[in-house]
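Asks: Pasting data30.cif below, which is mmCIF, C-alpha atoms.
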```cif
data_entry
loop_
_atom_site.group_PDB
_atom_site.id
_atom_site.type_symbol
_atom_site.label_atom_id
_atom_site.label_comp_id
_atom_site.auth_asym_id
_atom_site.auth_seq_id
_atom_site.Cartn_x
_atom_site.Cartn_y
_atom_site.Cartn_z
ATOM 1 C CA MET U 78 0.000 0.000 0.000
ATOM 2 C CA GLN U 79 2.577 2.512 -1.233
ATOM 3 C CA ASP U 80 0.072 5.376 -1.307
ATOM 4 C CA PHE U 81 -0.470 4.939 2.415
ATOM 5 C CA ASN U 82 3.255 5.101 3.173
ATOM 6 C CA ASN U 83 3.554 8.294 1.134
ATOM 7 C CA GLN U 84 0.564 9.979 2.780
ATOM 8 C CA TYR U 85 1.225 8.912 6.361
ATOM 9 C CA TYR U 86 5.002 9.236 6.144
ATOM 10 C CA PHE U 87 5.059 10.993 9.542
ATOM 11 C CA LEU U 88 4.113 7.758 11.351
ATOM 12 C CA GLU U 89 6.788 5.332 12.552
ATOM 13 C CA LYS U 90 7.582 2.616 10.056
ATOM 14 C CA SER U 91 6.475 -0.109 12.484
ATOM 15 C CA LEU U 92 3.139 1.687 12.949
ATOM 16 C CA GLN U 93 2.696 1.986 9.188
ATOM 17 C CA GLU U 94 3.206 -1.767 8.958
ATOM 18 C CA GLU U 95 0.663 -2.447 11.723
ATOM 19 C CA ILE U 96 -1.946 -0.261 10.055
ATOM 20 C CA GLN U 97 -1.511 -2.005 6.730
ATOM 21 C CA LEU U 98 -1.625 -5.419 8.409
ATOM 22 C CA LEU U 99 -4.644 -4.794 10.657
ATOM 23 C CA GLY U 100 -6.593 -2.210 8.656
ATOM 24 C CA THR U 101 -9.131 -2.810 5.907
ATOM 25 C CA LEU U 102 -9.178 -0.649 2.798
ATOM 26 C CA LYS U 103 -12.730 0.292 1.798
ATOM 27 C CA VAL U 104 -14.236 2.603 -0.798
ATOM 28 C CA PHE U 105 -17.476 4.467 -0.039
ATOM 29 C CA GLN U 106 -19.686 5.935 -2.734
ATOM 30 C CA PRO U 107 -21.253 9.443 -2.548
ATOM 31 C CA GLU U 108 -24.002 9.667 0.118
ATOM 32 C CA GLU U 109 -22.965 6.319 1.628
ATOM 33 C CA VAL U 110 -23.037 6.340 5.444
ATOM 34 C CA ILE U 111 -19.713 5.561 7.118
ATOM 35 C CA ILE U 112 -20.690 6.248 10.740
ATOM 36 C CA ARG U 113 -24.290 6.550 11.913
ATOM 37 C CA GLU U 114 -25.436 8.578 14.901
ATOM 38 C CA GLY U 115 -26.507 6.313 17.787
ATOM 39 C CA GLN U 116 -24.433 3.276 16.819
ATOM 40 C CA PHE U 117 -21.417 1.835 18.583
ATOM 41 C CA ILE U 118 -18.283 2.226 16.483
ATOM 42 C CA SER U 119 -16.338 -0.966 15.848
ATOM 43 C CA SER U 120 -13.796 0.622 13.506
ATOM 44 C CA PHE U 121 -12.744 4.142 12.640
ATOM 45 C CA PRO U 122 -11.609 5.525 9.283
ATOM 46 C CA LEU U 123 -8.280 6.981 8.219
ATOM 47 C CA VAL U 124 -8.994 8.951 5.062
ATOM 48 C CA MET U 125 -6.874 8.130 2.031
ATOM 49 C CA ARG U 126 -8.752 10.238 -0.516
ATOM 50 C CA GLY U 127 -12.130 11.840 -0.981
ATOM 51 C CA LEU U 128 -14.294 13.878 1.387
ATOM 52 C CA ILE U 129 -16.429 12.959 4.415
ATOM 53 C CA LYS U 130 -19.117 15.192 5.900
ATOM 54 C CA VAL U 131 -19.509 14.974 9.689
ATOM 55 C CA SER U 132 -22.815 16.320 10.993
ATOM 56 C CA ARG U 133 -25.658 16.004 13.488
ATOM 57 C CA ASN U 134 -29.400 15.852 12.811
ATOM 58 C CA ASN U 135 -32.365 16.874 14.933
ATOM 59 C CA ASN U 136 -35.728 15.099 15.102
ATOM 60 C CA GLU U 137 -37.082 17.198 12.222
ATOM 61 C CA GLY U 138 -34.279 16.080 9.927
ATOM 62 C CA ASN U 139 -32.433 19.399 9.973
ATOM 63 C CA GLU U 140 -28.696 19.009 9.691
ATOM 64 C CA LEU U 141 -25.900 20.842 11.464
ATOM 65 C CA LEU U 142 -22.626 20.544 9.584
ATOM 66 C CA LEU U 143 -19.755 20.160 12.037
ATOM 67 C CA TYR U 144 -16.744 19.714 9.771
ATOM 68 C CA TYR U 145 -15.344 17.902 6.754
ATOM 69 C CA LEU U 146 -12.658 15.221 6.682
ATOM 70 C CA LYS U 147 -10.243 14.961 3.785
ATOM 71 C CA ARG U 148 -7.113 12.921 3.046
ATOM 72 C CA ASN U 149 -4.695 12.384 5.950
ATOM 73 C CA GLU U 150 -7.412 13.055 8.526
ATOM 74 C CA VAL U 151 -9.392 11.048 11.062
ATOM 75 C CA CYS U 152 -12.668 11.870 12.816
ATOM 76 C CA ALA U 153 -12.094 13.290 16.305
ATOM 77 C CA MET U 154 -15.677 12.527 17.374
ATOM 78 C CA ALA U 155 -15.259 8.898 16.297
ATOM 79 C CA LEU U 156 -11.991 8.667 18.231
ATOM 80 C CA THR U 157 -13.669 10.059 21.341
ATOM 81 C CA CYS U 158 -16.527 7.555 21.152
ATOM 82 C CA CYS U 159 -14.104 4.695 20.537
ATOM 83 C CA MET U 160 -11.911 5.617 23.505
ATOM 84 C CA THR U 161 -14.890 5.923 25.868
ATOM 85 C CA ASN U 162 -16.947 3.047 24.417
ATOM 86 C CA LEU U 163 -19.905 5.333 23.741
ATOM 87 C CA LYS U 164 -22.381 5.421 20.878
ATOM 88 C CA SER U 165 -21.606 7.801 18.051
ATOM 89 C CA THR U 166 -22.989 11.309 18.451
ATOM 90 C CA VAL U 167 -22.464 12.201 14.781
ATOM 91 C CA ASN U 168 -23.134 11.029 11.255
ATOM 92 C CA ALA U 169 -20.249 10.624 8.831
ATOM 93 C CA VAL U 170 -21.251 10.444 5.161
ATOM 94 C CA ALA U 171 -19.128 10.309 2.015
ATOM 95 C CA GLU U 172 -19.594 13.493 -0.041
ATOM 96 C CA GLU U 173 -17.780 11.964 -3.016
ATOM 97 C CA GLU U 174 -16.127 8.633 -3.735
ATOM 98 C CA THR U 175 -13.966 8.187 -0.661
ATOM 99 C CA SER U 176 -11.270 5.664 0.166
ATOM 100 C CA VAL U 177 -10.499 4.934 3.820
ATOM 101 C CA ILE U 178 -8.597 2.446 5.938
ATOM 102 C CA LEU U 179 -10.878 1.074 8.654
ATOM 103 C CA LEU U 180 -9.037 0.290 11.900
ATOM 104 C CA PRO U 181 -10.331 -1.739 14.890
ATOM 105 C CA VAL U 182 -11.140 0.511 17.842
ATOM 106 C CA HIS U 183 -9.183 -1.514 20.400
ATOM 107 C CA LEU U 184 -5.906 -0.380 18.792
ATOM 108 C CA ILE U 185 -6.247 3.306 19.705
ATOM 109 C CA ASP U 186 -5.175 3.298 23.356
ATOM 110 C CA GLY U 187 -2.224 0.987 22.836
ATOM 111 C CA TRP U 188 -0.897 3.006 19.922
ATOM 112 C CA ILE U 189 -1.075 6.239 21.946
ATOM 113 C CA TYR U 190 1.344 4.766 24.496
ATOM 114 C CA LYS U 191 3.449 2.834 22.003
ATOM 115 C CA TYR U 192 3.905 5.362 19.193
ATOM 116 C CA PRO U 193 4.688 9.061 19.841
ATOM 117 C CA SER U 194 3.738 9.928 16.243
ATOM 118 C CA TRP U 195 0.259 8.434 16.709
ATOM 119 C CA LYS U 196 -0.237 10.359 19.956
ATOM 120 C CA ASN U 197 0.776 13.586 18.208
ATOM 121 C CA PHE U 198 -1.519 12.794 15.285
ATOM 122 C CA VAL U 199 -4.509 12.169 17.589
ATOM 123 C CA MET U 200 -3.850 15.303 19.662
ATOM 124 C CA GLN U 201 -3.464 17.436 16.538
ATOM 125 C CA THR U 202 -6.729 15.979 15.231
ATOM 126 C CA PHE U 203 -8.546 16.998 18.423
ATOM 127 C CA GLN U 204 -7.058 20.485 18.232
ATOM 128 C CA ASN U 205 -8.025 20.993 14.588
ATOM 129 C CA ARG U 206 -11.581 19.713 15.064
ATOM 130 C CA PHE U 207 -12.061 21.782 18.243
ATOM 131 C CA ARG U 208 -11.038 24.901 16.339
ATOM 132 C CA GLU U 209 -13.460 24.070 13.524
ATOM 133 C CA LEU U 210 -16.299 23.447 15.990
ATOM 134 C CA ILE U 211 -15.651 26.824 17.620
ATOM 135 C CA ASP U 212 -15.827 28.424 14.171
ATOM 136 C CA THR U 213 -19.144 26.630 13.551
ATOM 137 C CA ILE U 214 -20.584 27.867 16.848
ATOM 138 C CA ASP U 215 -19.413 31.411 16.082
ATOM 139 C CA ALA U 216 -21.058 31.270 12.661
ATOM 140 C CA VAL U 217 -24.389 30.068 14.047
ATOM 141 C CA ALA U 218 -24.316 32.584 16.918
ATOM 142 C CA PHE U 219 -22.966 35.696 15.237
ATOM 143 C CA LEU U 220 -23.399 35.519 11.441
ATOM 144 C CA ASN U 221 -26.486 36.323 9.437
ATOM 145 C CA LEU U 222 -27.813 33.495 7.291
ATOM 146 C CA ASP U 223 -26.507 35.061 4.075
ATOM 147 C CA GLU U 224 -23.052 35.286 5.655
ATOM 148 C CA ARG U 225 -23.295 31.649 6.779
ATOM 149 C CA LEU U 226 -24.224 30.639 3.240
ATOM 150 C CA VAL U 227 -21.163 32.369 1.788
ATOM 151 C CA ARG U 228 -19.027 30.820 4.529
ATOM 152 C CA TYR U 229 -20.391 27.377 3.648
ATOM 153 C CA PHE U 230 -19.192 27.843 0.055
ATOM 154 C CA THR U 231 -15.760 29.196 0.991
ATOM 155 C CA ASP U 232 -15.192 26.495 3.624
ATOM 156 C CA ARG U 233 -16.082 23.829 1.094
ATOM 157 C CA TYR U 234 -13.609 25.286 -1.380
ATOM 158 C CA THR U 235 -10.901 25.297 1.312
ATOM 159 C CA LYS U 236 -11.484 21.605 1.991
ATOM 160 C CA THR U 237 -12.040 20.313 -1.540
ATOM 161 C CA GLY U 238 -10.525 22.812 -3.951
ATOM 162 C CA ASN U 239 -13.824 22.686 -5.876
ATOM 163 C CA SER U 240 -15.763 25.878 -6.571
ATOM 164 C CA THR U 241 -18.921 24.188 -7.846
ATOM 165 C CA LEU U 242 -21.572 22.187 -6.033
ATOM 166 C CA SER U 243 -24.331 19.836 -7.201
ATOM 167 C CA VAL U 244 -27.110 20.251 -4.646
ATOM 168 C CA THR U 245 -30.812 21.049 -4.440
ATOM 169 C CA HIS U 246 -32.068 24.099 -2.582
ATOM 170 C CA GLN U 247 -33.818 21.780 -0.117
ATOM 171 C CA GLU U 248 -30.601 19.880 0.622
ATOM 172 C CA LEU U 249 -28.741 23.143 1.161
ATOM 173 C CA ALA U 250 -31.527 24.375 3.447
ATOM 174 C CA LEU U 251 -31.175 21.261 5.620
ATOM 175 C CA LYS U 252 -27.428 21.785 5.854
ATOM 176 C CA LEU U 253 -27.939 25.335 7.138
ATOM 177 C CA ASN U 254 -31.007 24.531 9.262
ATOM 178 C CA THR U 255 -33.421 26.814 7.449
ATOM 179 C CA SER U 256 -36.199 26.595 4.852
ATOM 180 C CA ARG U 257 -35.900 25.975 1.124
ATOM 181 C CA GLU U 258 -37.661 29.261 0.388
ATOM 182 C CA VAL U 259 -35.112 31.252 2.385
ATOM 183 C CA ILE U 260 -32.185 29.504 0.694
ATOM 184 C CA SER U 261 -33.692 30.077 -2.757
ATOM 185 C CA ARG U 262 -34.115 33.770 -1.991
ATOM 186 C CA LEU U 263 -30.546 34.140 -0.693
ATOM 187 C CA LEU U 264 -29.075 32.248 -3.648
ATOM 188 C CA LYS U 265 -30.976 34.465 -6.061
ATOM 189 C CA LYS U 266 -29.696 37.520 -4.190
ATOM 190 C CA LEU U 267 -26.100 36.303 -4.494
ATOM 191 C CA GLU U 268 -26.647 35.596 -8.177
ATOM 192 C CA ASN U 269 -28.055 39.084 -8.763
ATOM 193 C CA GLU U 270 -25.004 40.518 -7.008
ATOM 194 C CA GLY U 271 -22.767 38.612 -9.439
ATOM 195 C CA LYS U 272 -21.238 36.429 -6.703
ATOM 196 C CA ILE U 273 -22.509 33.016 -7.848
ATOM 197 C CA LYS U 274 -24.001 31.379 -10.952
ATOM 198 C CA LEU U 275 -27.063 29.162 -10.668
ATOM 199 C CA SER U 276 -28.415 26.406 -12.854
ATOM 200 C CA ARG U 277 -30.675 23.459 -12.075
ATOM 201 C CA ASN U 278 -29.351 21.743 -8.916
ATOM 202 C CA PHE U 279 -25.924 23.261 -9.590
ATOM 203 C CA ILE U 280 -24.077 26.231 -8.073
ATOM 204 C CA ASP U 281 -20.877 27.830 -9.342
ATOM 205 C CA PHE U 282 -19.360 29.901 -6.526
ATOM 206 C CA SER U 283 -15.912 30.437 -8.090
ATOM 207 C CA LEU U 284 -16.383 34.202 -7.875
ATOM 208 C CA LEU U 285 -16.427 33.952 -4.078
ATOM 209 C CA VAL U 286 -13.047 32.244 -3.710
#
```
Kindly return the structure encoded in the file as structure tokens.
Replies:
Amino acid sequence: MQDFNNQYYFLEKSLQEEIQLLGTLKVFQPEEVIIREGQFISSFPLVMRGLIKVSRNNNEGNELLLYYLKRNEVCAMALTCCMTNLKSTVNAVAEEETSVILLPVHLIDGWIYKYPSWKNFVMQTFQNRFRELIDTIDAVAFLNLDERLVRYFTDRYTKTGNSTLSVTHQELALKLNTSREVISRLLKKLENEGKIKLSRNFIDFSLLV
């Protein structure tokens, strides 16, 4: 698994060998669920390529986007649940075709004590996700919905490098916890201001980035 060695070069060679021996490479298709809220996690994913959306849903089906995972990242919330033997508090869904290495949860604690690079990787993961969650809270608390919509586009570009998005207005409304009518109005406003280009279920926001 040469690609793994190149991507996770910062891990000790013996740890790289353990991961390749004990892990399972799996490819998830767009919209396929990787981790479901309320389930116990038996394995956690190291991302090789692609993009994973980590979110929470309320009883009405509204979604709160927490953060994205891309290559060379692991889900902090999944790690926390694994280490405390708790049910998952988040959903993790592939946004595009995504390749991961699934690792058994019982390995986490031992690797933290055995491999300094793994400990640093886990701690850096917690720090990065905590910072992103603070940004999410700030956006919900302090930004107007139109500002949150623009931030959603720019954050997505930062994570994926893509400045276009195939999505319905209803799907986007669920992501931002509002109504389809409000999203449609805000998108039209941004289009009239020359900041985005709209077509059926497709948004080009290259002018924002």
Asks: Excluding Met154 (chain U) and its own-chain neighbours fewer than 6 positions away, which residues fall within 8 Å of it when counting only C-alpha atoms? Please give them as a PyMOL selection string.
Replies: chain U and resi 165-167
Asks: Between CA of Gln93 (chain U) and CA of Tyr144 (chain U), what distance in Å does the model show, to one decimal?
Replies: 26.3 Å
Asks: Can you work out which one of U:Cys158, U:Ser243, U:Leu141, U:Thr231 has the shortest atom-to-atom distance to Leu284 (chain U), counting only C-alpha atoms?
Replies: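 Among the listed residues, the smallest separation from Leu284 (chain U) belongs to U:Thr231.
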Asks: For Ala169 (chain U), which residue among U:Pro193, U:Gly187, U:Pro122, U:Pro181 is the nearest when counting only C-alpha atoms?
Replies: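 Checking each candidate against Ala169 (chain U), we get U:Pro122 as the closest.
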Asks: Name all residues at most 8 Å from Asn254 (chain U) (count only C-alpha atoms; drop same-chain ones fewer than 4 positions away) and give them as a VMD selection string.
Replies: chain U and resid 139 to 141 250
Asks: Using all atoms listed in the file, pick whichever of U:Ile178, U:Arg208, U:Asp223, U:Ile273 has the shortest atom-to-atom distance to Leu98 (chain U).
Replies: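 Using all atoms listed in the file, Leu98 (chain U) sits closest to U:Ile178.
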Asks: Tell me which of U:Cys159, U:Leu251, U:Leu146, U:Val177 sits closest to Thr101 (chain U), counting only C-alpha atoms.
Replies: U:Val177
Asks: Using all atoms listed in the file, which of the listed residues (U:Ser283, U:Thr157, U:Asn162, U:Thr213) sits closest to Asn239 (chain U)?
Replies: U:Ser283
Asks: Counting all atoms listed in the file, note down every residue that has an atom within 12 Å of the point (-24.0, 8.1, 13.4) (file coordinates), as a list in words.
Replies: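 Here is the list of nearby residues: Glu109, Val110, Ile111, Ile112, Arg113, Glu114, Gly115, Gln116, Phe117, Ile118, Phe121, Lys130, Val131, Ser132, Arg133, Asn134, Cys152, Met154, Ala155, Cys158, Leu163, Lys164, Ser165, Thr166, Val167, Asn168, Ala169 and Val170 of chain U.
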Asks: Could you pull the residues within 10 Å of Leu184 (chain U), counting all atoms listed in the file, minus those fewer than 2 positions along the same chain, as a list in words?
Replies: Glu95, Ile96, Leu99, Ser120, Cys159, Met160, Leu180, Pro181, Val182, Asp186, Gly187, Trp188 and Ile189 of chain U
Asks: Taking the file as shown, what set of residues would the PyMOL selection byres ((chain U and resi 279) around 12) give back, as a PyMOL selection string?
Replies: chain U and resi 240-246+248-249+264+273-278+280-282
Asks: For CA of Leu143 (chain U) and CA of Asn197 (chain U), quote the distance in Å rounded to one decimal.
Replies: 22.4 Å
Asks: When the PyMOL selection byres ((chain U and resi 84) around 10) is applied to the structure above, which residues does it catch, written out as number ranges by chain?
Replies: U: 79-83, 85-88, 124-126, 148-149
Asks: Quote the spacing between CA of Asn269 (chain U) and CA of Asp215 (chain U) in Å to one decimal place.
Replies: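 Rounded to one decimal, the two atoms are 27.4 Å apart.
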Asks: Would you place a box with edges along x, y and z of the file around all atoms of region 235-254 of chain U listed there, add 8 Å to each of its six sides, and report the centre and edge lengths in Å to one decimal, as AutoDock Vina command-line options?
Replies:
```
--center_x -22.2 --center_y 22.9 --center_z 0.7 --size_x 39.3 --size_y 22.0 --size_z 33.1
```
Asks: Mind telling me what the PyMOL selection byres ((chain U and resi 205) around 12) catches here, as a ChimeraX atom specification?
Replies: /U:144-146,150-154,198-204,206-212
Asks: How would region 264-284 of chain U read, as a JSON list (two decimals), in the frame of the given file, once N, CA, C and O atoms are built in?
Replies:
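Output file out_18.json follows:
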```json
[["chain", "number", "residue", "atom", "x", "y", "z"],
["U", 264, "LEU", "N", -29.86, 32.63, -2.47],
["U", 264, "LEU", "CA", -29.08, 32.25, -3.65],
["U", 264, "LEU", "C", -29.36, 33.20, -4.81],
["U", 264, "LEU", "O", -28.43, 33.62, -5.53],
["U", 265, "LYS", "N", -30.62, 33.53, -4.99],
["U", 265, "LYS", "CA", -30.98, 34.47, -6.06],
["U", 265, "LYS", "C", -30.35, 35.83, -5.81],
["U", 265, "LYS", "O", -29.88, 36.50, -6.75],
["U", 266, "LYS", "N", -30.32, 36.25, -4.55],
["U", 266, "LYS", "CA", -29.70, 37.52, -4.19],
["U", 266, "LYS", "C", -28.20, 37.51, -4.52],
["U", 266, "LYS", "O", -27.67, 38.46, -5.11],
["U", 267, "LEU", "N", -27.53, 36.41, -4.18],
["U", 267, "LEU", "CA", -26.10, 36.30, -4.49],
["U", 267, "LEU", "C", -25.86, 36.28, -6.00],
["U", 267, "LEU", "O", -24.89, 36.84, -6.49],
["U", 268, "GLU", "N", -26.77, 35.62, -6.72],
["U", 268, "GLU", "CA", -26.65, 35.60, -8.18],
["U", 268, "GLU", "C", -26.83, 37.00, -8.76],
["U", 268, "GLU", "O", -26.06, 37.42, -9.64],
["U", 269, "ASN", "N", -27.81, 37.73, -8.28],
["U", 269, "ASN", "CA", -28.06, 39.08, -8.76],
["U", 269, "ASN", "C", -26.89, 40.02, -8.46],
["U", 269, "ASN", "O", -26.64, 40.98, -9.19],
["U", 270, "GLU", "N", -26.17, 39.72, -7.38],
["U", 270, "GLU", "CA", -25.00, 40.52, -7.01],
["U", 270, "GLU", "C", -23.76, 40.08, -7.77],
["U", 270, "GLU", "O", -22.68, 40.66, -7.59],
["U", 271, "GLY", "N", -23.90, 39.07, -8.63],
["U", 271, "GLY", "CA", -22.77, 38.61, -9.44],
["U", 271, "GLY", "C", -21.76, 37.78, -8.67],
["U", 271, "GLY", "O", -20.62, 37.61, -9.12],
["U", 272, "LYS", "N", -22.17, 37.19, -7.54],
["U", 272, "LYS", "CA", -21.24, 36.43, -6.70],
["U", 272, "LYS", "C", -21.28, 34.93, -6.98],
["U", 272, "LYS", "O", -20.31, 34.22, -6.70],
["U", 273, "ILE", "N", -22.39, 34.42, -7.50],
["U", 273, "ILE", "CA", -22.51, 33.02, -7.85],
["U", 273, "ILE", "C", -23.27, 32.90, -9.17],
["U", 273, "ILE", "O", -23.89, 33.85, -9.63],
["U", 274, "LYS", "N", -23.22, 31.69, -9.75],
["U", 274, "LYS", "CA", -24.00, 31.38, -10.95],
["U", 274, "LYS", "C", -24.84, 30.15, -10.66],
["U", 274, "LYS", "O", -24.33, 29.14, -10.16],
["U", 275, "LEU", "N", -26.13, 30.24, -10.96],
["U", 275, "LEU", "CA", -27.06, 29.16, -10.67],
["U", 275, "LEU", "C", -27.55, 28.49, -11.94],
["U", 275, "LEU", "O", -27.78, 29.13, -12.95],
["U", 276, "SER", "N", -27.69, 27.17, -11.86],
["U", 276, "SER", "CA", -28.42, 26.41, -12.85],
["U", 276, "SER", "C", -29.12, 25.29, -12.10],
["U", 276, "SER", "O", -29.01, 25.20, -10.88],
["U", 277, "ARG", "N", -29.85, 24.45, -12.76],
["U", 277, "ARG", "CA", -30.68, 23.46, -12.08],
["U", 277, "ARG", "C", -29.82, 22.53, -11.21],
["U", 277, "ARG", "O", -28.98, 21.80, -11.71],
["U", 278, "ASN", "N", -30.06, 22.58, -9.89],
["U", 278, "ASN", "CA", -29.35, 21.74, -8.92],
["U", 278, "ASN", "C", -27.83, 21.87, -9.02],
["U", 278, "ASN", "O", -27.10, 20.91, -8.74],
["U", 279, "PHE", "N", -27.37, 23.05, -9.42],
["U", 279, "PHE", "CA", -25.92, 23.26, -9.59],
["U", 279, "PHE", "C", -25.58, 24.71, -9.26],
["U", 279, "PHE", "O", -26.28, 25.63, -9.69],
["U", 280, "ILE", "N", -24.51, 24.90, -8.48],
["U", 280, "ILE", "CA", -24.08, 26.23, -8.07],
["U", 280, "ILE", "C", -22.60, 26.40, -8.37],
["U", 280, "ILE", "O", -21.78, 25.57, -7.99],
["U", 281, "ASP", "N", -22.26, 27.46, -9.08],
["U", 281, "ASP", "CA", -20.88, 27.83, -9.34],
["U", 281, "ASP", "C", -20.56, 29.03, -8.46],
["U", 281, "ASP", "O", -21.08, 30.12, -8.66],
["U", 282, "PHE", "N", -19.69, 28.82, -7.44],
["U", 282, "PHE", "CA", -19.36, 29.90, -6.53],
["U", 282, "PHE", "C", -17.89, 30.32, -6.65],
["U", 282, "PHE", "O", -17.29, 30.84, -5.71],
["U", 283, "SER", "N", -17.33, 30.12, -7.86],
["U", 283, "SER", "CA", -15.91, 30.44, -8.09],
["U", 283, "SER", "C", -15.60, 31.92, -7.87],
["U", 283, "SER", "O", -14.47, 32.28, -7.55],
["U", 284, "LEU", "N", -16.61, 32.77, -8.06],
["U", 284, "LEU", "CA", -16.38, 34.20, -7.88],
["U", 284, "LEU", "C", -16.23, 34.60, -6.41],
["U", 284, "LEU", "O", -15.82, 35.73, -6.10]]
```
